[in-house]
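*Asks:* Shown below is the structure under consideration.
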Amino acid sequence: MARLLVRSLIIAAVMAAAGLAWARSGSFMGARTGAPSESNCTACHSGTNNAGSGVLQLNMPAMYDPGDTLDLSVSLSNTGMVRWGFEITALDMAGDQPAGRFIISDPTHTQDQTEGGTGRQYVFQTDAGTYDGTANVSTGWSMRWEAPSAGTGTVTFYLAGLAANSGSGAGGDSAYTVTRDVPENTAVSVDEPDGGHRPATPTLTGNEPNPFNAGTRIRFELPRAGRVGLDIYNSRGALVRHMDLGSRSAGLHSVLWDGTGEARRSLPSGTYLYQLSTTAGSVTGKMVLLK
C-alpha cells in the first residue's frame with residue numbers, strides 16, 4: 001500500500017510538472033490546439049476550455065492568395081494573469097493535412113516544431129515569449145505564413161492560448177481555443193480566352209478599370225509557359241505588394257488587385273506602377289487608385 005501511494009504521488013508530481021512547464025516555459029507539450037484528434041490546454045491545466053474572462057485573438061487577412069506570404073499575430077488578454085503561452089497550426093479542408101508553412105520571424109519569442117507522425121507544424125512561445133510578470137495582457141506573438149499552392153481551398157487555423165496565474169501549480173489558469181477559416185482567393189488569377197497570337201516577349205494589355213477604386217484586373221500575355229510574379233510600387237518607387245502567380249501557361253491571363261498592400265490594408269489614392277516578371281522578361285505598367 002505504501003509503495004502504491006508513493007507511486008501515485010510520483011505520477012501526480014510528474015503530471016503537475018508537465019502542466020507547469022507549458023505555463024511557465026517555452027517547452028512544447030504536444031498537440032494542444034484543439035484541431036481534429038488534438039486536445040487543448042486543459043489536458044494539463046484545470047478548468048474548462050474557453051470558460052475564462054480572457055480574449056484570445058488571431059490577427060491575419062480574411063483570405064489568402066496562393067503562394068503569398070502573410071503576416072500573422074496572436075494576442076491574449078486575461079485580467080489577473082501574469083504568464084502567457086500559445087500554440088497554432090494550419091490544416092487543409094479535410095482537417096488532417098498541414099497547409100502552408102509557418103515562418104519564424106521573431107525567434108526571441110516564438111519557435112516551431114513539426115511532429116513526425118502527422119507532419120503538422122506548430123508555432124509556440126519560447127521562454128522569453130511567456131512574458132513572465134506581464135500582467136493582464138500578453139505582449140503578443142508575431143510570425144509569417146507561406147500560403148499553399150492554388151487549389152488547396154480553405155485553410156483552417158487552430159489556435160490555443162493559456163493565461164497563467166502567479167501560482168506554482170497548474171490550477172487557476174485559463175485555457176482558450178480559436179478556430180479560423182481562411183478561404184483561398186480564387187479570383188487572384190484566371191486564364192483568359194486564347195486568341196492564338198503569341199508575342200515574342202511578355203505583353204501587358206492594360207488594367208481595367210483605370211482609374212479604379214475597389215479593384216482592377218491587370219491583363220497580360222505570355223509567349224511561353226513559366227513562373228510569373230507581379231510587383232506593385234507606389235509613386236516613390238517603394239514596393240507595396242508582391243504577388244506570386246505561380247506557373248502560367250503561354251497565352252492570355254489576368255490578375256485581380258484589390259488595392260491593398262502586403263498586410264492587406266487599403267492603400268491611399270495615388271499612381272502605382274506594376275511590374276510583371278516572367279522567365280521571358282519583365283514589363284511595367286501604370287494605374288491610378290482613387291478613393
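Numbering starts fresh at 1 for the residues of each chain in the C-alpha cells, the chains themselves are lettered A, B, ... in the order given, and ligands are numbered from 1 as they appear.
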So which bits of segment 16-264 of chain A end up alpha helix (DSSP H) when you DSSP the backbone, as a count of residues only?

*Replies:* 9

*Asks:* Mind the document's chain letters and residue numbers, and return as a PyMOL selection string the residues of segment 70-290 of chain A that DSSP labels strand (DSSP E or B).

*Replies:* chain A and resi 70-77+83-91+98+101-103+110-114+121-125+137+141-146+155-164+174-182+184+189-191+203-208+212+216-222+226-233+239-248+251-257+260+266+270-278+281-289

*Asks:* So that I can check the surroundings of segment 29-34 of chain A, please list as a ChimeraX atom specification every protein, DNA and RNA residue that reaches within 12 Å of it, counting only C-alpha atoms and ignoring chain neighbours fewer than 3 positions away.

*Replies:* /A:15,17-26,37-45,49-50,85-91,95,112-125,156-162,175-180

*Asks:* Pick out the closest residue to Ala200 of chain A from this set: A:Pro223, A:Asp65, A:Gly229, A:Ser266. Count only C-alpha atoms.

*Replies:* A:Pro223

*Asks:* Work out how far apart atom CA of Arg227 of chain A and atom CA of Pro209 of chain A are and give it in Å to one decimal.

*Replies:* 25.6 Å

*Asks:* Residues at most 7 Å from Phe102 of chain A, counting only C-alpha atoms, excluding those fewer than 4 positions away in the same chain, as a list in words?

*Replies:*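 The residues that qualify are Arg144, Trp145 and Glu146 of chain A.
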
*Asks:* Which value, in Å to one decimal, gives the distance between atom CA of Asp127 of chain A and atom CA of Ser53 of chain A?

*Replies:* 24.7 Å

*Asks:* Counting only C-alpha atoms, figure out which residue out of A:Arg101, A:Arg224, A:Lys291, A:Arg264 gets nearest to Pro211 of chain A.

*Replies:*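 Closest candidate: A:Lys291.
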
*Asks:* Just want the 8 Å neighbourhood of Gly270 of chain A, counted on only C-alpha atoms, with same-chain residues fewer than 2 positions away dropped. Output as a JSON list (two decimals) with N, CA and C atoms, in the first residue's frame.

*Replies:*
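Saved as result08.json:
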[["chain", "number", "residue", "atom", "x", "y", "z"],
["A", 234, "ASN", "N", 4.60, 52.09, -55.25],
["A", 234, "ASN", "CA", 3.94, 53.40, -55.16],
["A", 234, "ASN", "C", 4.72, 54.42, -55.98],
["A", 235, "SER", "N", 4.27, 55.68, -55.95],
["A", 235, "SER", "CA", 4.88, 56.71, -56.79],
["A", 235, "SER", "C", 6.30, 57.06, -56.37],
["A", 268, "PRO", "N", -3.46, 54.22, -49.97],
["A", 268, "PRO", "CA", -4.04, 55.53, -50.27],
["A", 268, "PRO", "C", -4.15, 55.78, -51.77],
["A", 272, "TYR", "N", 0.26, 54.18, -59.15],
["A", 272, "TYR", "CA", 1.03, 52.99, -58.83],
["A", 272, "TYR", "C", 1.57, 52.34, -60.10],
["A", 288, "VAL", "N", -3.99, 54.10, -61.62],
["A", 288, "VAL", "CA", -4.33, 55.14, -60.67],
["A", 288, "VAL", "C", -5.43, 54.63, -59.74],
["A", 289, "LEU", "N", -5.15, 54.70, -58.44],
["A", 289, "LEU", "CA", -6.10, 54.30, -57.42],
["A", 289, "LEU", "C", -6.77, 55.55, -56.85],
["A", 290, "LEU", "N", -8.09, 55.59, -56.88],
["A", 290, "LEU", "CA", -8.86, 56.73, -56.37],
["A", 290, "LEU", "C", -9.78, 56.26, -55.27]]

*Asks:* Quick one: everything within 9 Å of Arg83 of chain A, counting only C-alpha atoms, minus sequence neighbours fewer than 5 positions away in the same chain. Send it as a ChimeraX atom specification.

*Replies:* /A:23-24,130-136,138,162-166

*Asks:* For the residues in that selection, give me C-alpha atoms as a PDB file, in the first residue's frame.

*Replies:*
ATOM      1  CA  ALA A  23       2.535  27.502 -18.489  1.00  0.00           C
ATOM      2  CA  ARG A  24       5.909  28.698 -17.302  1.00  0.00           C
ATOM      3  CA  THR A 130       5.948  33.642 -21.887  1.00  0.00           C
ATOM      4  CA  TYR A 131       6.355  37.331 -20.915  1.00  0.00           C
ATOM      5  CA  ASP A 132       6.692  36.251 -17.290  1.00  0.00           C
ATOM      6  CA  GLY A 133       5.408  39.011 -14.988  1.00  0.00           C
ATOM      7  CA  THR A 134       3.483  40.911 -17.670  1.00  0.00           C
ATOM      8  CA  ALA A 135       0.073  41.420 -16.107  1.00  0.00           C
ATOM      9  CA  ASN A 136      -3.358  41.209 -17.732  1.00  0.00           C
ATOM     10  CA  SER A 138       0.366  39.451 -23.228  1.00  0.00           C
ATOM     11  CA  LEU A 162      -3.010  29.756 -21.946  1.00  0.00           C
ATOM     12  CA  ALA A 163      -3.171  32.573 -19.423  1.00  0.00           C
ATOM     13  CA  ALA A 164      -1.399  31.526 -16.217  1.00  0.00           C
ATOM     14  CA  ASN A 165      -1.516  33.000 -12.738  1.00  0.00           C
ATOM     15  CA  SER A 166       1.386  33.552 -10.364  1.00  0.00           C
TER      16      SER A 166
END

*Asks:* Quick one: everything within 9 Å of Gly281 of chain A, counting only C-alpha atoms, minus sequence neighbours fewer than 4 positions away in the same chain. Send it as a ChimeraX atom specification.

*Replies:* /A:201-202,276-277

*Asks:* Considering only C-alpha atoms, state which residue in the set A:Thr79, A:Thr108, A:Ser73, A:Thr216 is at the smallest distance from Pro61 of chain A.

*Replies:* A:Ser73

*Asks:* What does the distance from atom CA of Glu184 of chain A to atom CA of Pro66 of chain A come to in Å, to one decimal?

*Replies:*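 Pair atom CA of Glu184 of chain A / atom CA of Pro66 of chain A returns 6.9 Å.
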